[in-house]
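Participant: Input model.pdb, format and content: PDB, C-alpha atoms.
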ATOM      1  CA  MET Z   1     -11.073 -11.709 -22.010
ATOM      2  CA  ASP Z   2     -14.090 -12.209 -19.768
ATOM      3  CA  SER Z   3     -14.677  -9.744 -17.006
ATOM      4  CA  VAL Z   4     -14.768 -11.085 -13.440
ATOM      5  CA  ALA Z   5     -18.355 -11.962 -12.609
ATOM      6  CA  SER Z   6     -18.712 -10.175  -9.291
ATOM      7  CA  ALA Z   7     -18.137  -6.420  -9.154
ATOM      8  CA  ASP Z   8     -16.767  -6.594  -5.603
ATOM      9  CA  HIS Z   9     -13.256  -5.965  -6.905
ATOM     10  CA  SER Z  10     -12.473  -3.652  -4.014
ATOM     11  CA  GLY Z  11     -13.606  -6.202  -1.421
ATOM     12  CA  ARG Z  12     -11.384  -8.911  -2.872
ATOM     13  CA  LEU Z  13      -8.421  -6.583  -3.190
ATOM     14  CA  ARG Z  14      -8.814  -5.260   0.365
ATOM     15  CA  LEU Z  15      -9.048  -8.800   1.711
ATOM     16  CA  THR Z  16      -5.947  -9.857  -0.249
ATOM     17  CA  ILE Z  17      -4.050  -6.882   1.169
ATOM     18  CA  ARG Z  18      -5.297  -7.606   4.676
ATOM     19  CA  LEU Z  19      -4.161 -11.222   4.455
ATOM     20  CA  ALA Z  20      -0.672 -10.043   3.538
ATOM     21  CA  SER Z  21      -0.412  -7.156   5.966
ATOM     22  CA  ALA Z  22       0.275  -8.687   9.381
ATOM     23  CA  ARG Z  23       3.969  -7.856   9.062
ATOM     24  CA  VAL Z  24       3.327  -4.279   7.938
ATOM     25  CA  GLN Z  25       0.812  -3.767  10.730
ATOM     26  CA  ASP Z  26       3.262  -5.057  13.337
ATOM     27  CA  LEU Z  27       6.047  -2.880  11.938
ATOM     28  CA  SER Z  28       3.768   0.161  11.786
ATOM     29  CA  TRP Z  29       2.906  -0.376  15.430
ATOM     30  CA  SER Z  30       6.595  -0.785  16.281
ATOM     31  CA  PHE Z  31       7.382   2.395  14.365
ATOM     32  CA  TRP Z  32       4.809   4.607  16.113
ATOM     33  CA  ASN Z  33       5.747   3.148  19.503
ATOM     34  CA  HIS Z  34       9.495   3.066  18.902
ATOM     35  CA  PRO Z  35      11.360   4.084  22.080
ATOM     36  CA  ARG Z  36      13.597   6.343  19.985
ATOM     37  CA  LEU Z  37      10.980   7.585  17.530
ATOM     38  CA  SER Z  38      12.182  11.182  17.639
ATOM     39  CA  GLU Z  39      15.675   9.967  16.708
ATOM     40  CA  ILE Z  40      14.547   7.846  13.764
ATOM     41  CA  PHE Z  41      11.976  10.413  12.620
ATOM     42  CA  PRO Z  42      14.409  12.344  10.363
ATOM     43  CA  ASP Z  43      15.368   9.099   8.606
ATOM     44  CA  TYR Z  44      11.655   8.351   8.186
ATOM     45  CA  LEU Z  45      11.021  11.743   6.570
ATOM     46  CA  HIS Z  46      14.091  11.381   4.348
ATOM     47  CA  THR Z  47      12.642   8.034   3.215
ATOM     48  CA  LEU Z  48       9.058   9.229   2.859
ATOM     49  CA  TYR Z  49       9.906  12.300   0.787
ATOM     50  CA  PRO Z  50      11.446  10.451  -2.188
ATOM     51  CA  SER Z  51       8.339   8.254  -2.245
ATOM     52  CA  MET Z  52       5.939  11.211  -2.076
ATOM     53  CA  ARG Z  53       7.682  13.201  -4.784
ATOM     54  CA  ALA Z  54       7.085  10.311  -7.191
ATOM     55  CA  THR Z  55       3.304  10.222  -6.723
ATOM     56  CA  VAL Z  56       2.231  12.904  -9.195
ATOM     57  CA  PRO Z  57       4.718  11.897 -11.913
ATOM     58  CA  LEU Z  58       3.530   8.278 -11.565
ATOM     59  CA  LEU Z  59      -0.101   9.371 -11.901
ATOM     60  CA  GLU Z  60       0.736  11.521 -14.915
ATOM     61  CA  LEU Z  61       2.489   8.636 -16.622
ATOM     62  CA  ALA Z  62      -0.413   6.337 -15.749
ATOM     63  CA  ALA Z  63      -2.836   8.816 -17.321
ATOM     64  CA  GLU Z  64      -0.667   8.966 -20.433
ATOM     65  CA  ARG Z  65      -0.497   5.162 -20.699
ATOM     66  CA  ALA Z  66      -4.235   4.816 -20.113
ATOM     67  CA  ARG Z  67      -4.976   7.467 -22.729
ATOM     68  CA  ALA Z  68      -2.870   5.560 -25.251
ATOM     69  CA  LEU Z  69      -5.041   2.478 -24.706
ATOM     70  CA  GLU Z  70      -8.460   4.034 -24.169
ATOM     71  CA  GLU Z  71      -9.887   3.650 -27.680
ATOM     72  CA  THR Z  72      -9.873  -0.119 -27.480
ATOM     73  CA  ASP Z  73      -9.686  -0.710 -23.733
ATOM     74  CA  PRO Z  74     -12.680   0.253 -21.549
ATOM     75  CA  VAL Z  75     -10.724  -0.224 -18.319
ATOM     76  CA  ALA Z  76      -8.007   2.141 -19.503
ATOM     77  CA  ALA Z  77     -10.669   4.616 -20.646
ATOM     78  CA  ALA Z  78     -12.216   4.638 -17.171
ATOM     79  CA  LEU Z  79      -8.819   5.129 -15.552
ATOM     80  CA  VAL Z  80      -7.914   8.314 -17.456
ATOM     81  CA  PRO Z  81     -10.171  10.741 -15.536
ATOM     82  CA  TYR Z  82      -9.311   9.066 -12.215
ATOM     83  CA  PHE Z  83      -5.562   9.421 -12.750
ATOM     84  CA  ILE Z  84      -5.901  13.039 -13.879
ATOM     85  CA  GLN Z  85      -8.097  13.962 -10.916
ATOM     86  CA  HIS Z  86      -5.936  12.117  -8.417
ATOM     87  CA  ALA Z  87      -2.778  13.798  -9.743
ATOM     88  CA  ARG Z  88      -4.480  17.146  -9.009
ATOM     89  CA  GLU Z  89      -5.376  15.975  -5.501
ATOM     90  CA  GLU Z  90      -1.812  14.857  -4.764
ATOM     91  CA  LEU Z  91      -0.153  18.002  -6.117
ATOM     92  CA  HIS Z  92       2.322  19.669  -3.691
ATOM     93  CA  HIS Z  93       1.949  17.058  -0.940
ATOM     94  CA  ASP Z  94       5.696  16.487  -1.248
ATOM     95  CA  ASP Z  95       6.226  20.243  -0.749
ATOM     96  CA  TRP Z  96       4.176  20.093   2.465
ATOM     97  CA  LEU Z  97       6.533  17.427   3.735
ATOM     98  CA  LEU Z  98       9.583  19.524   2.889
ATOM     99  CA  GLU Z  99       8.068  22.365   4.932
ATOM    100  CA  ASP Z 100       7.535  19.985   7.853
ATOM    101  CA  MET Z 101      11.151  18.871   7.533
ATOM    102  CA  GLU Z 102      12.329  22.476   7.718
ATOM    103  CA  LEU Z 103      10.300  22.981  10.909
ATOM    104  CA  LEU Z 104      12.314  20.132  12.394
ATOM    105  CA  GLY Z 105      15.555  21.764  11.292
ATOM    106  CA  LEU Z 106      16.176  19.323   8.468
ATOM    107  CA  ASP Z 107      17.752  20.455   5.203
ATOM    108  CA  SER Z 108      14.969  20.268   2.603
ATOM    109  CA  GLY Z 109      17.415  21.142  -0.177
ATOM    110  CA  ALA Z 110      19.495  18.111   0.693
ATOM    111  CA  ALA Z 111      16.349  15.978   0.709
ATOM    112  CA  LYS Z 112      15.396  17.229  -2.761
ATOM    113  CA  SER Z 113      18.815  16.580  -4.239
ATOM    114  CA  ALA Z 114      19.274  13.140  -2.660
ATOM    115  CA  PRO Z 115      18.763  10.203  -5.036
ATOM    116  CA  GLY Z 116      16.517   8.376  -2.569
ATOM    117  CA  PRO Z 117      17.116   5.033  -0.877
ATOM    118  CA  PRO Z 118      17.241   1.846  -2.968
ATOM    119  CA  ASP Z 119      14.151   0.362  -1.308
ATOM    120  CA  ILE Z 120      12.087   3.402  -2.340
ATOM    121  CA  ALA Z 121      13.516   3.228  -5.867
ATOM    122  CA  ALA Z 122      12.519  -0.447  -5.978
ATOM    123  CA  MET Z 123       8.973   0.202  -4.764
ATOM    124  CA  ILE Z 124       8.360   3.107  -7.124
ATOM    125  CA  GLY Z 125      10.347   1.469  -9.901
ATOM    126  CA  SER Z 126       8.104  -1.599  -9.848
ATOM    127  CA  GLN Z 127       5.169   0.614 -10.717
ATOM    128  CA  TYR Z 128       7.057   2.249 -13.610
ATOM    129  CA  TYR Z 129       7.822  -1.232 -14.920
ATOM    130  CA  TRP Z 130       4.194  -2.331 -14.856
ATOM    131  CA  LEU Z 131       3.040   0.949 -16.364
ATOM    132  CA  HIS Z 132       5.397   0.415 -19.288
ATOM    133  CA  TYR Z 133       5.080  -3.315 -19.782
ATOM    134  CA  ALA Z 134       1.699  -4.327 -18.382
ATOM    135  CA  HIS Z 135      -1.340  -2.139 -17.770
ATOM    136  CA  PRO Z 136      -1.940   1.114 -15.866
ATOM    137  CA  VAL Z 137      -4.488  -0.660 -13.651
ATOM    138  CA  ALA Z 138      -1.428  -2.003 -11.759
ATOM    139  CA  LEU Z 139      -0.941   1.379 -10.112
ATOM    140  CA  LEU Z 140      -4.287   1.027  -8.344
ATOM    141  CA  GLY Z 141      -2.922  -1.978  -6.445
ATOM    142  CA  CYS Z 142       0.008   0.068  -5.161
ATOM    143  CA  PHE Z 143      -2.187   3.015  -4.181
ATOM    144  CA  ALA Z 144      -4.700   0.725  -2.488
ATOM    145  CA  VAL Z 145      -1.877  -0.237  -0.120
ATOM    146  CA  LEU Z 146      -0.159   3.102   0.346
ATOM    147  CA  GLU Z 147      -3.370   5.103   0.820
ATOM    148  CA  GLY Z 148      -5.299   2.277   2.418
ATOM    149  CA  SER Z 149      -4.250   2.559   6.047
ATOM    150  CA  PRO Z 150      -3.253   6.160   6.792
ATOM    151  CA  PRO Z 151      -1.943   7.299  10.160
ATOM    152  CA  GLU Z 152      -4.730   7.886  12.648
ATOM    153  CA  VAL Z 153      -5.191  11.249  14.376
ATOM    154  CA  GLU Z 154      -5.202   9.682  17.833
ATOM    155  CA  MET Z 155      -1.863   7.995  17.133
ATOM    156  CA  LEU Z 156      -0.355  11.235  15.834
ATOM    157  CA  ASP Z 157      -1.566  13.056  18.959
ATOM    158  CA  ARG Z 158       0.080  10.409  21.126
ATOM    159  CA  VAL Z 159       3.298  10.582  19.089
ATOM    160  CA  ALA Z 160       3.479  14.365  19.476
ATOM    161  CA  GLU Z 161       2.843  14.141  23.197
ATOM    162  CA  ARG Z 162       5.282  11.300  23.810
ATOM    163  CA  THR Z 163       8.169  12.472  21.628
ATOM    164  CA  GLY Z 164       7.920  16.237  21.904
ATOM    165  CA  LEU Z 165       7.843  16.529  18.118
ATOM    166  CA  PRO Z 166       5.905  19.733  17.363
ATOM    167  CA  PRO Z 167       2.433  18.963  15.958
ATOM    168  CA  ALA Z 168       3.057  21.601  13.274
ATOM    169  CA  ALA Z 169       5.860  19.408  11.931
ATOM    170  CA  LEU Z 170       3.367  16.552  11.628
ATOM    171  CA  ARG Z 171       1.036  18.651   9.481
ATOM    172  CA  THR Z 172       1.384  16.474   6.375
ATOM    173  CA  LEU Z 173       0.636  13.354   8.387
ATOM    174  CA  TYR Z 174      -2.384  14.963  10.072
ATOM    175  CA  LYS Z 175      -3.706  16.105   6.693
ATOM    176  CA  HIS Z 176      -3.383  12.610   5.255
ATOM    177  CA  ALA Z 177      -5.166  11.162   8.265
ATOM    178  CA  GLN Z 178      -8.141  13.165   7.023
ATOM    179  CA  LEU Z 179      -7.608  12.957   3.247
ATOM    180  CA  ASP Z 180      -6.632   9.358   2.646
ATOM    181  CA  PRO Z 181      -9.833   7.684   3.894
ATOM    182  CA  HIS Z 182     -11.651   9.652   1.175
ATOM    183  CA  HIS Z 183      -9.041   8.670  -1.407
ATOM    184  CA  ARG Z 184      -9.435   5.042  -0.315
ATOM    185  CA  ASP Z 185     -13.207   5.250  -0.776
ATOM    186  CA  ASP Z 186     -12.797   6.896  -4.194
ATOM    187  CA  LEU Z 187     -10.455   4.123  -5.268
ATOM    188  CA  ASP Z 188     -12.816   1.404  -4.045
ATOM    189  CA  GLU Z 189     -15.702   3.011  -5.895
ATOM    190  CA  LEU Z 190     -13.624   3.183  -9.067
ATOM    191  CA  LEU Z 191     -12.509  -0.460  -8.729
ATOM    192  CA  ASP Z 192     -16.086  -1.680  -8.374
ATOM    193  CA  SER Z 193     -17.118   0.233 -11.496
ATOM    194  CA  LEU Z 194     -14.393  -1.237 -13.726
ATOM    195  CA  PRO Z 195     -15.043  -4.120 -16.144
ATOM    196  CA  LEU Z 196     -11.936  -5.928 -14.916
ATOM    197  CA  THR Z 197     -10.873  -9.181 -16.548
ATOM    198  CA  PRO Z 198      -9.209 -11.953 -14.510
ATOM    199  CA  GLU Z 199      -5.904 -10.758 -15.995
ATOM    200  CA  HIS Z 200      -6.502  -7.213 -14.714
ATOM    201  CA  SER Z 201      -7.431  -8.557 -11.274
ATOM    202  CA  ALA Z 202      -4.317 -10.730 -11.158
ATOM    203  CA  LEU Z 203      -2.073  -7.761 -12.012
ATOM    204  CA  LEU Z 204      -3.865  -5.526  -9.533
ATOM    205  CA  GLY Z 205      -3.356  -8.050  -6.744
ATOM    206  CA  ILE Z 206       0.272  -8.759  -7.543
ATOM    207  CA  SER Z 207       1.012  -5.041  -7.611
ATOM    208  CA  ALA Z 208      -0.663  -4.659  -4.207
ATOM    209  CA  LEU Z 209       1.062  -7.696  -2.687
ATOM    210  CA  THR Z 210       4.446  -6.593  -4.017
ATOM    211  CA  THR Z 211       3.880  -3.142  -2.520
ATOM    212  CA  VAL Z 212       2.999  -4.713   0.842
ATOM    213  CA  ASP Z 213       6.250  -6.708   0.770
ATOM    214  CA  GLN Z 214       8.285  -3.672  -0.251
ATOM    215  CA  LEU Z 215       6.685  -1.429   2.352
ATOM    216  CA  GLY Z 216       7.422  -4.082   4.969
ATOM    217  CA  GLY Z 217      11.095  -3.984   4.011
ATOM    218  CA  ILE Z 218      11.173  -0.190   4.218
ATOM    219  CA  LEU Z 219       9.508  -0.146   7.634
ATOM    220  CA  GLU Z 220      11.808  -2.904   8.840
ATOM    221  CA  ARG Z 221      14.805  -0.771   7.925
ATOM    222  CA  LEU Z 222      13.342   2.270   9.661
ATOM    223  CA  VAL Z 223      12.420   0.426  12.805
ATOM    224  CA  GLY Z 224      15.832  -1.213  12.780
ATOM    225  CA  ALA Z 225      14.480  -4.522  13.960
ATOM    226  CA  ALA Z 226      14.870  -6.833  11.015
ATOM    227  CA  VAL Z 227      12.903 -10.017  11.461
ATOM    228  CA  PRO Z 228      14.978 -13.059  10.416
ATOM    229  CA  ALA Z 229      13.621 -14.650   7.247
ATOM    230  CA  GLU Z 230      12.001 -18.029   7.710
ATOM    231  CA  VAL Z 231      13.937 -20.935   6.242
TER     232      VAL Z 231
ATOM    233  CA  MET M   1       4.292 -25.749  -2.067
ATOM    234  CA  SER M   2       1.220 -27.755  -2.835
ATOM    235  CA  LYS M   3      -1.824 -26.097  -4.322
ATOM    236  CA  PRO M   4      -5.478 -26.185  -3.388
ATOM    237  CA  SER M   5      -7.525 -28.921  -4.887
ATOM    238  CA  GLU M   6     -11.154 -29.950  -5.004
ATOM    239  CA  GLN M   7     -10.514 -31.709  -1.677
ATOM    240  CA  ARG M   8      -8.849 -28.719  -0.033
ATOM    241  CA  SER M   9     -10.159 -25.192   0.140
ATOM    242  CA  ARG M  10      -7.992 -22.097  -0.076
ATOM    243  CA  VAL M  11      -8.649 -21.375   3.597
ATOM    244  CA  GLU M  12      -7.435 -24.870   4.485
ATOM    245  CA  TRP M  13      -4.400 -24.384   2.274
ATOM    246  CA  LEU M  14      -3.482 -21.102   3.944
ATOM    247  CA  GLU M  15      -4.021 -22.641   7.359
ATOM    248  CA  GLU M  16      -1.790 -25.637   6.558
ATOM    249  CA  GLU M  17       0.923 -23.303   5.270
ATOM    250  CA  GLY M  18       0.783 -21.351   8.513
ATOM    251  CA  VAL M  19      -0.250 -18.116   6.837
ATOM    252  CA  LEU M  20      -3.661 -17.834   8.381
ATOM    253  CA  ASP M  21      -5.564 -18.679  11.491
ATOM    254  CA  PRO M  22      -9.113 -19.392  10.289
ATOM    255  CA  ALA M  23     -10.408 -18.605  13.766
ATOM    256  CA  THR M  24      -9.747 -14.954  12.984
ATOM    257  CA  LEU M  25     -12.042 -15.015   9.936
ATOM    258  CA  THR M  26     -15.697 -14.203   9.640
ATOM    259  CA  LYS M  27     -17.894 -16.496   7.560
ATOM    260  CA  GLU M  28     -18.062 -13.814   4.883
ATOM    261  CA  GLU M  29     -14.257 -13.527   4.786
ATOM    262  CA  ARG M  30     -13.901 -17.305   4.438
ATOM    263  CA  THR M  31     -16.244 -17.214   1.466
ATOM    264  CA  LYS M  32     -14.357 -14.311  -0.085
ATOM    265  CA  ILE M  33     -10.995 -16.049   0.315
ATOM    266  CA  GLU M  34     -12.318 -18.977  -1.710
ATOM    267  CA  GLY M  35     -12.868 -16.502  -4.550
ATOM    268  CA  LEU M  36      -9.365 -15.025  -4.509
ATOM    269  CA  ASP M  37      -6.936 -15.493  -7.366
ATOM    270  CA  ASP M  38      -4.634 -18.547  -7.117
ATOM    271  CA  THR M  39      -1.595 -16.425  -7.981
ATOM    272  CA  HIS M  40      -2.324 -14.174  -5.025
ATOM    273  CA  ILE M  41      -2.748 -17.096  -2.636
ATOM    274  CA  GLU M  42       0.533 -18.566  -3.907
ATOM    275  CA  HIS M  43       2.240 -15.209  -3.372
ATOM    276  CA  LEU M  44       0.960 -15.079   0.211
ATOM    277  CA  VAL M  45       2.336 -18.524   0.943
ATOM    278  CA  ARG M  46       5.650 -17.946  -0.838
ATOM    279  CA  THR M  47       6.463 -14.560   0.667
ATOM    280  CA  ARG M  48       5.141 -14.845   4.177
ATOM    281  CA  LYS M  49       7.524 -13.497   6.773
ATOM    282  CA  LYS M  50       5.540 -14.433   9.818
ATOM    283  CA  VAL M  51       2.301 -15.980  10.790
ATOM    284  CA  GLY M  52      -0.082 -13.257  11.721
ATOM    285  CA  ASP M  53      -3.691 -12.988  12.637
ATOM    286  CA  MET M  54      -5.968 -10.567  10.860
ATOM    287  CA  THR M  55      -6.790  -8.441  13.864
ATOM    288  CA  LYS M  56      -6.164  -4.854  12.870
ATOM    289  CA  ARG M  57      -3.742  -2.963  15.066
ATOM    290  CA  PRO M  58      -4.685   0.644  15.719
ATOM    291  CA  GLY M  59      -2.630   3.594  14.579
ATOM    292  CA  GLY M  60      -2.469   3.104  10.843
ATOM    293  CA  SER M  61       0.587   2.942   8.634
ATOM    294  CA  PRO M  62       3.213   5.694   8.608
ATOM    295  CA  TRP M  63       3.106   5.616   4.815
ATOM    296  CA  ILE M  64       1.265   8.284   2.824
ATOM    297  CA  LEU M  65       1.291   9.537  -0.753
TER     298      LEU M  65
END
What's the structure tokens form of this structure?

Facilitator:
Amino acid sequence: MDSVASADHSGRLRLTIRLASARVQDLSWSFWNHPRLSEIFPDYLHTLYPSMRATVPLLELAAERARALEETDPVAAALVPYFIQHAREELHHDDWLLEDMELLGLDSGAAKSAPGPPDIAAMIGSQYYWLHYAHPVALLGCFAVLEGSPPEVEMLDRVAERTGLPPAALRTLYKHAQLDPHHRDDLDELLDSLPLTPEHSALLGISALTTVDQLGGILERLVGAAVPAEV
Amino acid sequence: MSKPSEQRSRVEWLEEEGVLDPATLTKEERTKIEGLDDTHIEHLVRTRKKVGDMTKRPGGSPWIL
């Protein structure tokens, strides 16, 4: 397979995501500005936690899959250290969220034992599928979306002020407002260093676009304002 | 869903399908879109839920890892 001529893989992926993200951006805006945000916030955290707890296991599986391919696959070889390092960086973020939930009086034990909503299982499950049956590079498309547009500090400040939610209970969100731009840059740097083939790029983009669609569905549920599908 | 051809650019295709308002694009973005993968353009057209411009709304996404 020939590698894609230009090394601006990150630029093309970011543009593809941006083209697809109008719905997610609108829903994100509707979420942060929801008139009953404090009421839907527990549901949000109960939806976010099952997604966050899957991050490190996904990265560990991706590292394992990449390691299995690395002898004959230079892209997989380059992914191994990234996945291992990123799994270290993401460690215990789900525990932070559980602590935030407890500050809000939510039952973290119940959150841990809950199976998770179907839309989260579908979003995370898609990545397991591609890890098993395609190539671990697919996971980068998902992470490019989910780490690509973190909450902004100014918005979190406004949310705390408007809703009365204690800023301490938003600690995990505040931390990601600072951490994720660096993770996004690391991912972009990695993408531009990879000898991606057109097949890798296609998988990367489809993983990202699927994640955008799935995230839109999740946010739509949370906001409770389903947009009728176009006929 | 018709596909782009030598007579029709990807930007024109997306505009005709109502996915994109080219007025919101920079020249550099227009050039980049022409280099995107056909499967991704097809996905955008097939799955669009609404016509949206590319102006970024502030605040970020509530999703984190």

Participant: Restricting the calculation to only C-alpha atoms: of Z:Val137, Z:Leu15, Z:Arg67, Z:Gly148, which residue gets closest to Thr26 (chain M)?

Facilitator: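 Among Z:Val137, Z:Leu15, Z:Arg67, Z:Gly148, it is Z:Leu15 that comes nearest to Thr26 (chain M).
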
Participant: Could the residues of chain Z within 8 Å of chain M, counting all atoms listed in the file, be given as number ranges by chain, please?

Facilitator: Z: 12, 15-16, 18-20, 22-26, 28-29, 31-32, 48, 51-52, 55, 90, 93, 146-147, 149-152, 154-155, 173, 176, 180, 201-202, 205-206, 209, 213, 227, 229-230

Participant: Just give me the gap between CA of Pro35 (chain Z) and CA of Lys112 (chain Z) in Å, one decimal is fine.

Facilitator: 28.4 Å

Participant: What is the CA of Ala77 (chain Z)-CA of Gly125 (chain Z) distance in Å, reported with one decimal?

Facilitator: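 Between CA of Ala77 (chain Z) and CA of Gly125 (chain Z) the gap is 23.8 Å.
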
Participant: Care to translate the PyMOL selection byres ((chain Z and resi 89) around 12) into actual residues of this file, as a PDB file with C-alpha atoms, keeping the file's coordinate frame?

Facilitator:
ATOM      1  CA  THR Z  55       3.304  10.222  -6.723  1.00  0.00           C
ATOM      2  CA  VAL Z  56       2.231  12.904  -9.195  1.00  0.00           C
ATOM      3  CA  LEU Z  59      -0.101   9.371 -11.901  1.00  0.00           C
ATOM      4  CA  TYR Z  82      -9.311   9.066 -12.215  1.00  0.00           C
ATOM      5  CA  PHE Z  83      -5.562   9.421 -12.750  1.00  0.00           C
ATOM      6  CA  ILE Z  84      -5.901  13.039 -13.879  1.00  0.00           C
ATOM      7  CA  GLN Z  85      -8.097  13.962 -10.916  1.00  0.00           C
ATOM      8  CA  HIS Z  86      -5.936  12.117  -8.417  1.00  0.00           C
ATOM      9  CA  ALA Z  87      -2.778  13.798  -9.743  1.00  0.00           C
ATOM     10  CA  ARG Z  88      -4.480  17.146  -9.009  1.00  0.00           C
ATOM     11  CA  GLU Z  90      -1.812  14.857  -4.764  1.00  0.00           C
ATOM     12  CA  LEU Z  91      -0.153  18.002  -6.117  1.00  0.00           C
ATOM     13  CA  HIS Z  92       2.322  19.669  -3.691  1.00  0.00           C
ATOM     14  CA  HIS Z  93       1.949  17.058  -0.940  1.00  0.00           C
ATOM     15  CA  ASP Z  94       5.696  16.487  -1.248  1.00  0.00           C
ATOM     16  CA  HIS Z 176      -3.383  12.610   5.255  1.00  0.00           C
ATOM     17  CA  LEU Z 179      -7.608  12.957   3.247  1.00  0.00           C
ATOM     18  CA  ASP Z 180      -6.632   9.358   2.646  1.00  0.00           C
ATOM     19  CA  HIS Z 182     -11.651   9.652   1.175  1.00  0.00           C
ATOM     20  CA  HIS Z 183      -9.041   8.670  -1.407  1.00  0.00           C
ATOM     21  CA  ASP Z 186     -12.797   6.896  -4.194  1.00  0.00           C
TER      22      ASP Z 186
ATOM     23  CA  LEU M  65       1.291   9.537  -0.753  1.00  0.00           C
TER      24      LEU M  65
END

Participant: Just give me the gap between CA of Val159 (chain Z) and CA of Leu219 (chain Z) in Å, one decimal is fine.

Facilitator: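 Atom-to-atom, CA of Val159 (chain Z) to CA of Leu219 (chain Z), that is 16.9 Å.
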
Participant: Could you put an axis-aligned box around every listed atom of region 174-178 of chain Z, padded by 4 Å on each side, and send me its centre and edge lengths in Å to one decimal, as JSON?

Facilitator:
{"center_x": -5.3, "center_y": 13.6, "center_z": 7.7, "size_x": 13.8, "size_y": 12.9, "size_z": 12.8}

Participant: Given the file shown, determine the residues that the PyMOL selection byres ((chain Z and resi 104-109) around 10) selects; report them as a VMD selection string.

Facilitator: chain Z and resid 41 to 42 45 to 46 49 95 97 to 103 110 to 114 165 to 166 168 to 170

Participant: Those same residues, written as an mmCIF file, in the coordinates of the input with C-alpha atoms?

Facilitator:
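The resulting file, again.cif, is reproduced below:
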data_model
loop_
_atom_site.group_PDB
_atom_site.id
_atom_site.type_symbol
_atom_site.label_atom_id
_atom_site.label_comp_id
_atom_site.auth_asym_id
_atom_site.auth_seq_id
_atom_site.Cartn_x
_atom_site.Cartn_y
_atom_site.Cartn_z
ATOM 1 C CA PHE Z 41 11.976 10.413 12.620
ATOM 2 C CA PRO Z 42 14.409 12.344 10.363
ATOM 3 C CA LEU Z 45 11.021 11.743 6.570
ATOM 4 C CA HIS Z 46 14.091 11.381 4.348
ATOM 5 C CA TYR Z 49 9.906 12.300 0.787
ATOM 6 C CA ASP Z 95 6.226 20.243 -0.749
ATOM 7 C CA LEU Z 97 6.533 17.427 3.735
ATOM 8 C CA LEU Z 98 9.583 19.524 2.889
ATOM 9 C CA GLU Z 99 8.068 22.365 4.932
ATOM 10 C CA ASP Z 100 7.535 19.985 7.853
ATOM 11 C CA MET Z 101 11.151 18.871 7.533
ATOM 12 C CA GLU Z 102 12.329 22.476 7.718
ATOM 13 C CA LEU Z 103 10.300 22.981 10.909
ATOM 14 C CA ALA Z 110 19.495 18.111 0.693
ATOM 15 C CA ALA Z 111 16.349 15.978 0.709
ATOM 16 C CA LYS Z 112 15.396 17.229 -2.761
ATOM 17 C CA SER Z 113 18.815 16.580 -4.239
ATOM 18 C CA ALA Z 114 19.274 13.140 -2.660
ATOM 19 C CA LEU Z 165 7.843 16.529 18.118
ATOM 20 C CA PRO Z 166 5.905 19.733 17.363
ATOM 21 C CA ALA Z 168 3.057 21.601 13.274
ATOM 22 C CA ALA Z 169 5.860 19.408 11.931
ATOM 23 C CA LEU Z 170 3.367 16.552 11.628
#

Participant: Nearest to Tyr44 (chain Z) among Z:Pro198, Z:Gly11, Z:Pro57, Z:Pro117, with distances taken over only C-alpha atoms: which residue is it?

Facilitator: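 Closest to Tyr44 (chain Z), using only C-alpha atoms: Z:Pro117.
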